[in-house]
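*Asks:* Have a peek at entry.csv (CSV, C-alpha atoms).
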chain,number,residue,atom,x,y,z
A,1187,MET,CA,-150.0,-4.1,-82.4
A,1188,GLU,CA,-149.5,-1.1,-80.0
A,1189,LEU,CA,-152.0,-0.6,-77.2
A,1190,GLU,CA,-152.8,3.0,-78.4
A,1191,VAL,CA,-153.8,1.6,-81.8
A,1192,ILE,CA,-156.0,-1.1,-80.3
A,1193,ILE,CA,-157.8,1.4,-78.1
A,1194,GLY,CA,-158.1,4.0,-80.8
A,1195,LEU,CA,-159.7,1.5,-83.2
A,1196,ALA,CA,-162.0,0.2,-80.5
A,1197,VAL,CA,-163.4,3.8,-80.1
A,1198,LEU,CA,-163.9,4.2,-83.8
A,1199,ILE,CA,-165.4,0.8,-84.2
A,1200,PHE,CA,-167.9,1.5,-81.4
A,1201,LEU,CA,-168.9,4.8,-83.0
A,1202,ALA,CA,-169.2,3.2,-86.4
A,1203,ALA,CA,-171.4,0.4,-85.0
A,1204,VAL,CA,-173.7,2.9,-83.3
A,1205,LEU,CA,-174.1,5.0,-86.4
A,1206,TYR,CA,-174.4,2.2,-89.0
A,1207,SER,CA,-176.7,-0.1,-86.9
A,1208,SER,CA,-179.2,2.8,-86.5
A,1209,VAL,CA,-180.0,2.5,-90.2
A,1210,GLY,CA,-179.9,-1.4,-90.4
A,1211,HIS,CA,-176.3,-1.7,-91.4
A,1212,ALA,CA,-173.5,-3.5,-89.6
A,1213,GLY,CA,-170.6,-1.1,-90.1
A,1214,ALA,CA,-168.2,-3.0,-92.3
A,1215,SER,CA,-167.3,0.1,-94.4
A,1216,GLY,CA,-166.9,2.1,-91.2
A,1217,TYR,CA,-164.6,-0.5,-89.8
A,1218,LEU,CA,-162.6,-0.6,-93.0
A,1219,ALA,CA,-162.4,3.2,-92.9
A,1220,ALA,CA,-161.1,3.1,-89.3
A,1221,MET,CA,-158.5,0.4,-90.1
A,1222,ALA,CA,-157.4,2.3,-93.2
A,1223,LEU,CA,-156.8,5.5,-91.1
A,1224,PHE,CA,-154.6,3.4,-88.8
A,1225,GLY,CA,-152.8,1.8,-91.8
A,1226,LEU,CA,-153.6,-1.8,-91.1
A,1227,ALA,CA,-152.7,-4.4,-93.6
A,1228,PRO,CA,-155.3,-5.6,-96.1
A,1229,GLU,CA,-155.0,-9.2,-94.9
A,1230,THR,CA,-156.1,-8.0,-91.5
A,1231,MET,CA,-158.8,-5.6,-92.6
A,1232,LYS,CA,-161.0,-8.0,-94.6
A,1233,PRO,CA,-161.6,-10.8,-92.0
A,1234,THR,CA,-161.8,-8.3,-89.1
A,1235,ALA,CA,-164.5,-6.3,-90.8
A,1236,LEU,CA,-166.5,-9.4,-91.7
A,1237,THR,CA,-166.3,-10.8,-88.2
A,1238,LEU,CA,-167.4,-7.5,-86.6
A,1239,ASN,CA,-170.1,-7.2,-89.2
A,1240,ILE,CA,-171.6,-10.6,-88.2
A,1241,LEU,CA,-171.7,-9.6,-84.5
A,1242,VAL,CA,-173.5,-6.3,-85.2
A,1243,ALA,CA,-175.7,-7.7,-88.0
A,1244,VAL,CA,-177.1,-10.3,-85.6
A,1245,ILE,CA,-178.2,-7.5,-83.2
A,1246,ALA,CA,-179.6,-5.3,-85.9
A,1247,THR,CA,-181.5,-8.1,-87.5
A,1248,MET,CA,-183.1,-9.1,-84.2
A,1249,LYS,CA,-184.1,-5.5,-83.4
A,1250,PHE,CA,-185.6,-4.6,-86.7
A,1251,TYR,CA,-187.3,-8.0,-87.0
A,1252,ARG,CA,-189.0,-7.7,-83.6
A,1253,ALA,CA,-190.1,-4.2,-84.5
A,1254,GLY,CA,-191.9,-5.6,-87.6
A,1255,PHE,CA,-189.7,-4.1,-90.3
A,1256,PHE,CA,-188.8,-7.1,-92.4
A,1257,SER,CA,-189.9,-8.9,-95.6
A,1258,TRP,CA,-189.2,-12.5,-96.3
A,1259,GLU,CA,-190.5,-12.0,-99.8
A,1260,LEU,CA,-187.6,-9.6,-100.5
A,1261,PHE,CA,-185.0,-11.3,-98.4
A,1262,ARG,CA,-185.2,-14.9,-99.7
A,1263,PRO,CA,-184.3,-14.4,-103.4
A,1264,LEU,CA,-181.6,-11.8,-102.5
A,1265,ALA,CA,-180.0,-14.1,-99.9
A,1266,LEU,CA,-180.2,-17.3,-101.9
A,1267,ALA,CA,-178.4,-15.6,-104.8
A,1268,SER,CA,-175.9,-13.6,-102.7
A,1269,VAL,CA,-174.6,-16.2,-100.3
A,1270,PRO,CA,-172.7,-18.5,-102.7
A,1271,PHE,CA,-171.2,-15.5,-104.5
A,1272,ALA,CA,-170.1,-14.0,-101.2
A,1273,PHE,CA,-168.4,-17.2,-100.3
A,1274,ILE,CA,-166.6,-17.2,-103.7
A,1275,GLY,CA,-165.6,-13.6,-103.2
A,1276,GLY,CA,-164.4,-14.2,-99.7
A,1277,ALA,CA,-162.1,-17.0,-100.9
A,1278,VAL,CA,-160.3,-14.6,-103.2
A,1279,SER,CA,-157.5,-12.7,-101.5
A,1280,LEU,CA,-156.7,-9.7,-103.6
A,1281,PRO,CA,-153.2,-8.2,-103.5
A,1282,GLY,CA,-152.8,-4.9,-101.8
A,1283,TYR,CA,-152.4,-2.9,-105.0
A,1284,LEU,CA,-155.9,-4.2,-106.1
A,1285,TYR,CA,-157.6,-4.4,-102.7
A,1286,LYS,CA,-156.9,-0.8,-101.6
A,1287,PRO,CA,-158.4,0.9,-104.7
A,1288,ILE,CA,-161.4,-1.4,-104.7
A,1289,VAL,CA,-162.1,-0.8,-101.0
A,1290,GLY,CA,-161.4,2.9,-101.6
A,1291,LEU,CA,-164.0,3.1,-104.3
A,1292,VAL,CA,-166.5,1.2,-102.2
A,1293,LEU,CA,-166.0,3.7,-99.4
A,1294,LEU,CA,-166.4,6.7,-101.7
A,1295,TYR,CA,-169.5,5.1,-103.2
A,1296,ALA,CA,-171.0,4.7,-99.7
A,1297,ALA,CA,-170.2,8.4,-98.9
A,1298,TYR,CA,-171.8,9.5,-102.2
A,1299,ARG,CA,-175.0,7.5,-101.5
A,1300,LEU,CA,-175.3,8.9,-98.0
A,1301,LEU,CA,-174.8,12.4,-99.1
A,1302,ALA,CA,-177.0,12.2,-102.2
A,1303,GLY,CA,-180.2,11.0,-100.4
A,1304,LYS,CA,-182.4,11.8,-103.4
A,1305,GLY,CA,-184.3,10.0,-106.1
A,1306,VAL,CA,-186.0,7.7,-103.6
A,1307,LYS,CA,-189.4,6.6,-104.9
A,1308,ALA,CA,-192.3,7.4,-102.6
A,1309,GLU,CA,-194.5,4.4,-103.8
A,1310,VAL,CA,-193.4,0.9,-103.1
A,1311,SER,CA,-193.7,-1.7,-105.9
A,1312,HIS,CA,-193.0,-5.4,-105.6
A,1313,PRO,CA,-190.2,-6.6,-107.9
A,1314,SER,CA,-190.2,-9.9,-109.8
A,1315,ARG,CA,-187.8,-12.7,-108.7
A,1316,LEU,CA,-185.3,-12.3,-111.5
A,1317,PRO,CA,-184.1,-8.8,-110.7
A,1318,LEU,CA,-183.8,-9.7,-107.0
A,1319,VAL,CA,-181.7,-12.8,-107.8
A,1320,ALA,CA,-179.5,-10.9,-110.2
A,1321,SER,CA,-179.0,-8.0,-107.7
A,1322,GLY,CA,-178.2,-10.5,-104.9
A,1323,ALA,CA,-175.6,-12.3,-106.9
A,1324,VAL,CA,-173.7,-9.1,-107.9
A,1325,ILE,CA,-173.8,-7.6,-104.5
A,1326,GLY,CA,-172.8,-10.9,-102.8
A,1327,LEU,CA,-169.7,-11.2,-105.0
A,1328,LEU,CA,-168.6,-7.7,-104.3
A,1329,SER,CA,-169.3,-8.1,-100.6
A,1330,GLY,CA,-167.1,-11.2,-100.4
A,1331,LEU,CA,-164.3,-9.5,-102.4
A,1332,THR,CA,-164.1,-6.3,-100.3
A,1333,GLY,CA,-165.1,-7.5,-96.9
A,1334,VAL,CA,-168.4,-5.5,-96.6
A,1335,GLY,CA,-171.8,-7.0,-96.0
A,1336,GLY,CA,-173.4,-5.4,-99.0
A,1337,GLY,CA,-175.8,-3.1,-97.2
A,1338,ILE,CA,-174.2,0.0,-98.6
A,1339,PHE,CA,-175.2,-1.3,-102.1
A,1340,LEU,CA,-178.5,-3.0,-101.2
A,1341,SER,CA,-180.2,-0.2,-99.2
A,1342,PRO,CA,-179.8,2.5,-102.0
A,1343,LEU,CA,-180.9,0.0,-104.6
A,1344,LEU,CA,-184.1,-1.0,-102.7
A,1345,LEU,CA,-184.9,2.7,-102.0
A,1346,LEU,CA,-184.1,4.1,-105.5
A,1347,LEU,CA,-186.2,1.4,-107.2
A,1348,GLY,CA,-189.0,1.6,-104.7
A,1349,TRP,CA,-188.9,-2.1,-103.7
A,1350,ALA,CA,-189.4,-1.3,-100.0
A,1351,GLU,CA,-190.1,1.5,-97.6
A,1352,THR,CA,-187.3,3.0,-95.5
A,1353,ARG,CA,-187.7,1.0,-92.3
A,1354,GLN,CA,-188.3,-2.3,-94.1
A,1355,VAL,CA,-185.1,-1.6,-96.1
A,1356,SER,CA,-183.2,-1.4,-92.8
A,1357,GLY,CA,-184.6,-4.8,-91.6
A,1358,VAL,CA,-183.9,-6.6,-94.9
A,1359,ALA,CA,-180.4,-5.0,-95.2
A,1360,ALA,CA,-179.5,-6.1,-91.7
A,1361,ALA,CA,-180.4,-9.8,-92.4
A,1362,PHE,CA,-178.8,-9.6,-95.8
A,1363,ILE,CA,-175.5,-8.3,-94.3
A,1364,LEU,CA,-175.6,-11.1,-91.7
A,1365,VAL,CA,-175.7,-14.0,-94.2
A,1366,ASN,CA,-173.3,-12.4,-96.7
A,1367,SER,CA,-170.7,-11.5,-94.0
A,1368,ALA,CA,-170.9,-15.1,-92.7
A,1369,ALA,CA,-170.5,-16.5,-96.2
A,1370,GLY,CA,-167.6,-14.1,-97.0
A,1371,LEU,CA,-165.8,-15.0,-93.7
A,1372,LEU,CA,-166.2,-18.7,-94.3
A,1373,GLY,CA,-164.8,-18.3,-97.8
A,1374,HIS,CA,-161.9,-16.3,-96.5
A,1375,TYR,CA,-161.2,-18.8,-93.8
A,1376,SER,CA,-161.4,-21.8,-96.2
A,1377,ALA,CA,-158.7,-20.1,-98.4
A,1378,VAL,CA,-156.3,-18.8,-95.7
A,1379,SER,CA,-157.4,-20.4,-92.4
A,1380,TYR,CA,-156.7,-17.2,-90.6
A,1381,VAL,CA,-158.7,-14.6,-88.7
A,1382,PRO,CA,-156.7,-11.9,-86.8
A,1383,GLY,CA,-156.6,-12.3,-83.0
A,1384,GLU,CA,-157.0,-8.6,-82.6
A,1385,VAL,CA,-160.7,-8.9,-83.4
A,1386,LEU,CA,-161.3,-10.2,-79.9
A,1387,ALA,CA,-160.2,-6.8,-78.5
A,1388,TRP,CA,-162.7,-4.9,-80.8
A,1389,ALA,CA,-165.7,-7.3,-80.6
A,1390,PRO,CA,-167.1,-5.8,-77.3
A,1391,ALA,CA,-166.9,-2.3,-78.8
A,1392,ALA,CA,-168.8,-3.4,-81.9
A,1393,ILE,CA,-171.4,-5.4,-79.9
A,1394,LEU,CA,-172.1,-2.5,-77.5
A,1395,GLY,CA,-172.3,0.0,-80.3
A,1396,GLY,CA,-174.5,-2.2,-82.4
A,1397,TRP,CA,-177.0,-2.7,-79.6
A,1398,ILE,CA,-177.3,1.0,-78.9
A,1399,GLY,CA,-177.6,2.0,-82.6
A,1400,ALA,CA,-180.1,-0.7,-83.5
A,1401,GLN,CA,-182.2,0.0,-80.4
A,1402,TYR,CA,-182.4,3.7,-81.6
A,1403,GLY,CA,-182.8,3.0,-85.3
A,1404,SER,CA,-185.6,0.5,-85.0
A,1405,ARG,CA,-187.7,3.0,-83.2
A,1406,ARG,CA,-187.2,6.2,-85.2
A,1407,LEU,CA,-185.7,7.5,-88.4
A,1408,PRO,CA,-182.0,8.3,-88.5
A,1409,ALA,CA,-181.1,12.0,-88.1
A,1410,PRO,CA,-179.6,13.6,-91.2
A,1411,ILE,CA,-176.5,14.7,-89.2
A,1412,ILE,CA,-175.6,11.1,-88.7
A,1413,LEU,CA,-175.6,10.4,-92.4
A,1414,LYS,CA,-173.4,13.4,-93.0
A,1415,LEU,CA,-170.9,12.4,-90.4
A,1416,LEU,CA,-170.8,8.9,-91.8
A,1417,SER,CA,-170.2,10.2,-95.3
A,1418,ALA,CA,-167.4,12.5,-94.1
A,1419,VAL,CA,-165.6,9.5,-92.5
A,1420,LEU,CA,-166.0,7.4,-95.5
A,1421,LEU,CA,-164.8,10.1,-97.8
A,1422,VAL,CA,-161.6,10.7,-95.9
A,1423,ALA,CA,-160.8,7.0,-95.6
A,1424,GLY,CA,-161.7,6.2,-99.2
A,1425,LEU,CA,-159.3,8.9,-100.4
A,1426,LYS,CA,-156.6,7.6,-98.1
A,1427,MET,CA,-157.1,4.1,-99.5
A,1428,LEU,CA,-156.9,5.4,-103.1
A,1429,PHE,CA,-154.1,7.9,-102.8
A,1430,GLY,CA,-152.3,7.1,-99.5
A,1431,ALA,CA,-149.1,5.2,-99.0
Mind converting the file's structure to structure tokens?

*Replies:*
Amino acid sequence: MELEVIIGLAVLIFLAAVLYSSVGHAGASGYLAAMALFGLAPETMKPTALTLNILVAVIATMKFYRAGFFSWELFRPLALASVPFAFIGGAVSLPGYLYKPIVGLVLLYAAYRLLAGKGVKAEVSHPSRLPLVASGAVIGLLSGLTGVGGGIFLSPLLLLLGWAETRQVSGVAAAFILVNSAAGLLGHYSAVSYVPGEVLAWAPAAILGGWIGAQYGSRRLPAPIILKLLSAVLLVAGLKMLFGA
């Protein structure tokens, strides 16, 4: 891989880590977007995104947990259901003609959710265990298949259904992303025994960006402009995955 590509991706990964971790996410969809823009192969994109996701999710989980924005009551059933399905999804290597449109749709969905920002319930209600388990299983499988941690699906779900308040959503999402990314990466490695070496060049950028973003996000609400910038990046990359060469 050319040095210019490695440096360019490191910059984008850093920016994605800052922006995503500020809202309790680890940045997988942002990393996928960056790699899509540089035309990386699907077999490189998935394990790289999962690995970087784990690094940033550890930091985000720690920051939001220490700030008091976490709920074991929500996290346990979601995680217990999602982890085995994320492992299964991670073990499945989809061919490029299937992988690209799926990831493209995931990115476009994320862009839509960030732009919509409406329909969030003001009052918080505690859900029963069954809907939490079902939601965790579905999101876990999709997370493993696509190489995202599931936060882009979990956060809107928790907010729209009124299962948690905004800051608590960020804390639960960060931990959820961590366990799902780890399970997805283990599933991928068990199937192909391969993680791209280039990830070592991008890990410092993700760690630094994740630390800065999580430090900011655990103290104040994210600025609307950040969500708009994220949605624009995801929109461009999603369309490229769907209609690009």

*Asks:* Within 10 Å of Leu1198 in chain A, counting all atoms listed in the file, which residues show up once you throw out same-chain ones fewer than 4 positions away? Write them as a ChimeraX atom specification, please.

*Replies:* /A:1193-1194,1202-1204,1216-1217,1219-1221,1388,1391-1392

*Asks:* Which residues of range 1282-1345 of chain A come within 12 Å of range 1206-1211 of chain A, and for each one, what is the closest pair of atoms and their distance in Å to one decimal, counting all atoms listed in the file, sorted by chain and residue number, as a Markdown table?

*Replies:*
| residue | atom | partner | partner_atom | distance |
| --- | --- | --- | --- | --- |
| A:Ala1296 | CA | A:Tyr1206 | CA | 11.5 |
| A:Leu1300 | CA | A:Val1209 | CA | 11.1 |
| A:Val1334 | CA | A:His1211 | CA | 10.2 |
| A:Gly1335 | CA | A:His1211 | CA | 8.3 |
| A:Gly1336 | CA | A:His1211 | CA | 8.9 |
| A:Gly1337 | CA | A:His1211 | CA | 6.0 |
| A:Ile1338 | CA | A:His1211 | CA | 7.7 |
| A:Phe1339 | CA | A:His1211 | CA | 10.8 |
| A:Leu1340 | CA | A:His1211 | CA | 10.1 |
| A:Ser1341 | CA | A:His1211 | CA | 8.8 |
| A:Pro1342 | CA | A:Val1209 | CA | 11.8 |

*Asks:* At what distance in Å, to one decimal, does CA of Leu1266 in chain A lie from CA of Arg1315 in chain A?

*Replies:*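 So the two atoms, CA of Arg1315 in chain A and CA of Leu1266 in chain A, lie 11.2 Å apart.
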
*Asks:* Show which residues sit within 9 Å of Leu1327 in chain A, as a list in words. Count all atoms listed in the file, and ignore same-chain residues fewer than 6 positions away.

*Replies:*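 In the requested form, the answer reads Ser1268, Val1269, Pro1270, Phe1271, Ala1272, Phe1273, Ile1274, Gly1275, Gly1276 and Gly1370 of chain A.
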
*Asks:* From the set A:Leu1344, A:Ala1196, A:Leu1280, A:Leu1238, which residue has the shortest atom-to-atom contact distance to His1374 in chain A, counting only C-alpha atoms?

*Replies:* A:Leu1280

*Asks:* Considering all atoms listed in the file, can you say which of A:Ser1215, A:Thr1332, A:Ser1356, A:Ser1376 comes closest to Pro1228 in chain A?

*Replies:*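 Counting all atoms listed in the file, the residue closest to Pro1228 in chain A is A:Thr1332.
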
*Asks:* With a distance cut-off of 12 Å and only C-alpha atoms, select the neighbouring residues of Trp1258 in chain A, excluding the residue or stretch itself and same-chain residues fewer than 6 positions from it, and output the selection as a compact mmCIF listing (two decimals) with C-alpha atoms, in the frame of the given file.

*Replies:*
# COMPACT_ATOMS: atom_id res chain seq x y z
CA TYR A 1251 -187.30 -8.00 -87.00
CA LEU A 1264 -181.60 -11.80 -102.50
CA ALA A 1265 -180.00 -14.10 -99.90
CA LEU A 1266 -180.20 -17.30 -101.90
CA ALA A 1350 -189.40 -1.30 -100.00
CA GLN A 1354 -188.30 -2.30 -94.10
CA VAL A 1355 -185.10 -1.60 -96.10
CA GLY A 1357 -184.60 -4.80 -91.60
CA VAL A 1358 -183.90 -6.60 -94.90
CA ALA A 1359 -180.40 -5.00 -95.20
CA ALA A 1361 -180.40 -9.80 -92.40
CA PHE A 1362 -178.80 -9.60 -95.80

*Asks:* Find the residues around Lys1286 in chain A up to 12 Å (only C-alpha atoms counted), leave out those fewer than 3 positions away in its own chain, and share them as JSON, numbers by chain.

*Replies:* {"A": [1218, 1219, 1221, 1222, 1225, 1226, 1227, 1228, 1229, 1231, 1232, 1279, 1280, 1281, 1282, 1283, 1289, 1290, 1291, 1292, 1293, 1331, 1332, 1333, 1423, 1424, 1425, 1426, 1427, 1428, 1429, 1430, 1431]}

*Asks:* Enter the distance from CA of Val1365 in chain A to CA of Ser1329 in chain A, in Å, rounded to one decimal.

*Replies:*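 Distance between the two atoms: 10.8 Å.
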
*Asks:* Take the point (-170.4, -10.8, -93.0) in the file's coordinates, draw a sphere of radius 7 Å around it, and report as an mmCIF file with C-alpha atoms, keeping the file's coordinate frame every protein, DNA or RNA residue with an atom inside or on it, counting all atoms listed in the file.

*Replies:*
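Written out: part_29.cif:
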data_model
loop_
_atom_site.group_PDB
_atom_site.id
_atom_site.type_symbol
_atom_site.label_atom_id
_atom_site.label_comp_id
_atom_site.auth_asym_id
_atom_site.auth_seq_id
_atom_site.Cartn_x
_atom_site.Cartn_y
_atom_site.Cartn_z
ATOM 1 C CA LEU A 1236 -166.500 -9.400 -91.700
ATOM 2 C CA THR A 1237 -166.300 -10.800 -88.200
ATOM 3 C CA ASN A 1239 -170.100 -7.200 -89.200
ATOM 4 C CA ILE A 1240 -171.600 -10.600 -88.200
ATOM 5 C CA VAL A 1334 -168.400 -5.500 -96.600
ATOM 6 C CA GLY A 1335 -171.800 -7.000 -96.000
ATOM 7 C CA ILE A 1363 -175.500 -8.300 -94.300
ATOM 8 C CA LEU A 1364 -175.600 -11.100 -91.700
ATOM 9 C CA VAL A 1365 -175.700 -14.000 -94.200
ATOM 10 C CA ASN A 1366 -173.300 -12.400 -96.700
ATOM 11 C CA SER A 1367 -170.700 -11.500 -94.000
ATOM 12 C CA ALA A 1368 -170.900 -15.100 -92.700
ATOM 13 C CA ALA A 1369 -170.500 -16.500 -96.200
ATOM 14 C CA GLY A 1370 -167.600 -14.100 -97.000
ATOM 15 C CA LEU A 1371 -165.800 -15.000 -93.700
#

*Asks:* Name the closest residue to Ala1360 in chain A among the candidates A:Phe1224, A:Tyr1402, A:Tyr1285, A:Phe1261; distances are taken between atoms, counting only C-alpha atoms.

*Replies:* A:Phe1261

*Asks:* Could you tell me how far CA of Leu1241 in chain A sits from CA of Gly1399 in chain A, in Å to one decimal place?

*Replies:*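 Between CA of Gly1399 in chain A and CA of Leu1241 in chain A the gap is 13.2 Å.
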
*Asks:* Tell me, as a list in words, which residues lie within 12 Å of Ala1387 in chain A, counting all atoms listed in the file; anything in the same chain fewer than 6 positions away does not count.

*Replies:*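 The residues satisfying every condition are Met1187, Leu1189, Val1191, Ile1192, Ile1193, Gly1194, Leu1195, Ala1196, Val1197, Ile1199, Phe1200, Thr1234, Leu1238 and Ile1393 of chain A.
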
*Asks:* Could you tell me which of A:Leu1301, A:Val1385, A:Leu1372, A:Ala1267 comes closest to Val1419 in chain A if we count only C-alpha atoms?

*Replies:*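 Smallest separation from Val1419 in chain A among the options: A:Leu1301.
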
*Asks:* Have a look at A:Gly1403, A:Gly1396, A:Gly1326, A:Pro1390 and name the one nearest to Ile1245 in chain A; count all atoms listed in the file.

*Replies:*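 Closest to Ile1245 in chain A, using all atoms listed in the file: A:Gly1396.
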
*Asks:* Between A:Lys1414, A:Gly1322, A:Tyr1298, A:Phe1255, which one has atoms that come closest to Thr1352 in chain A, using all atoms listed in the file?

*Replies:* A:Phe1255
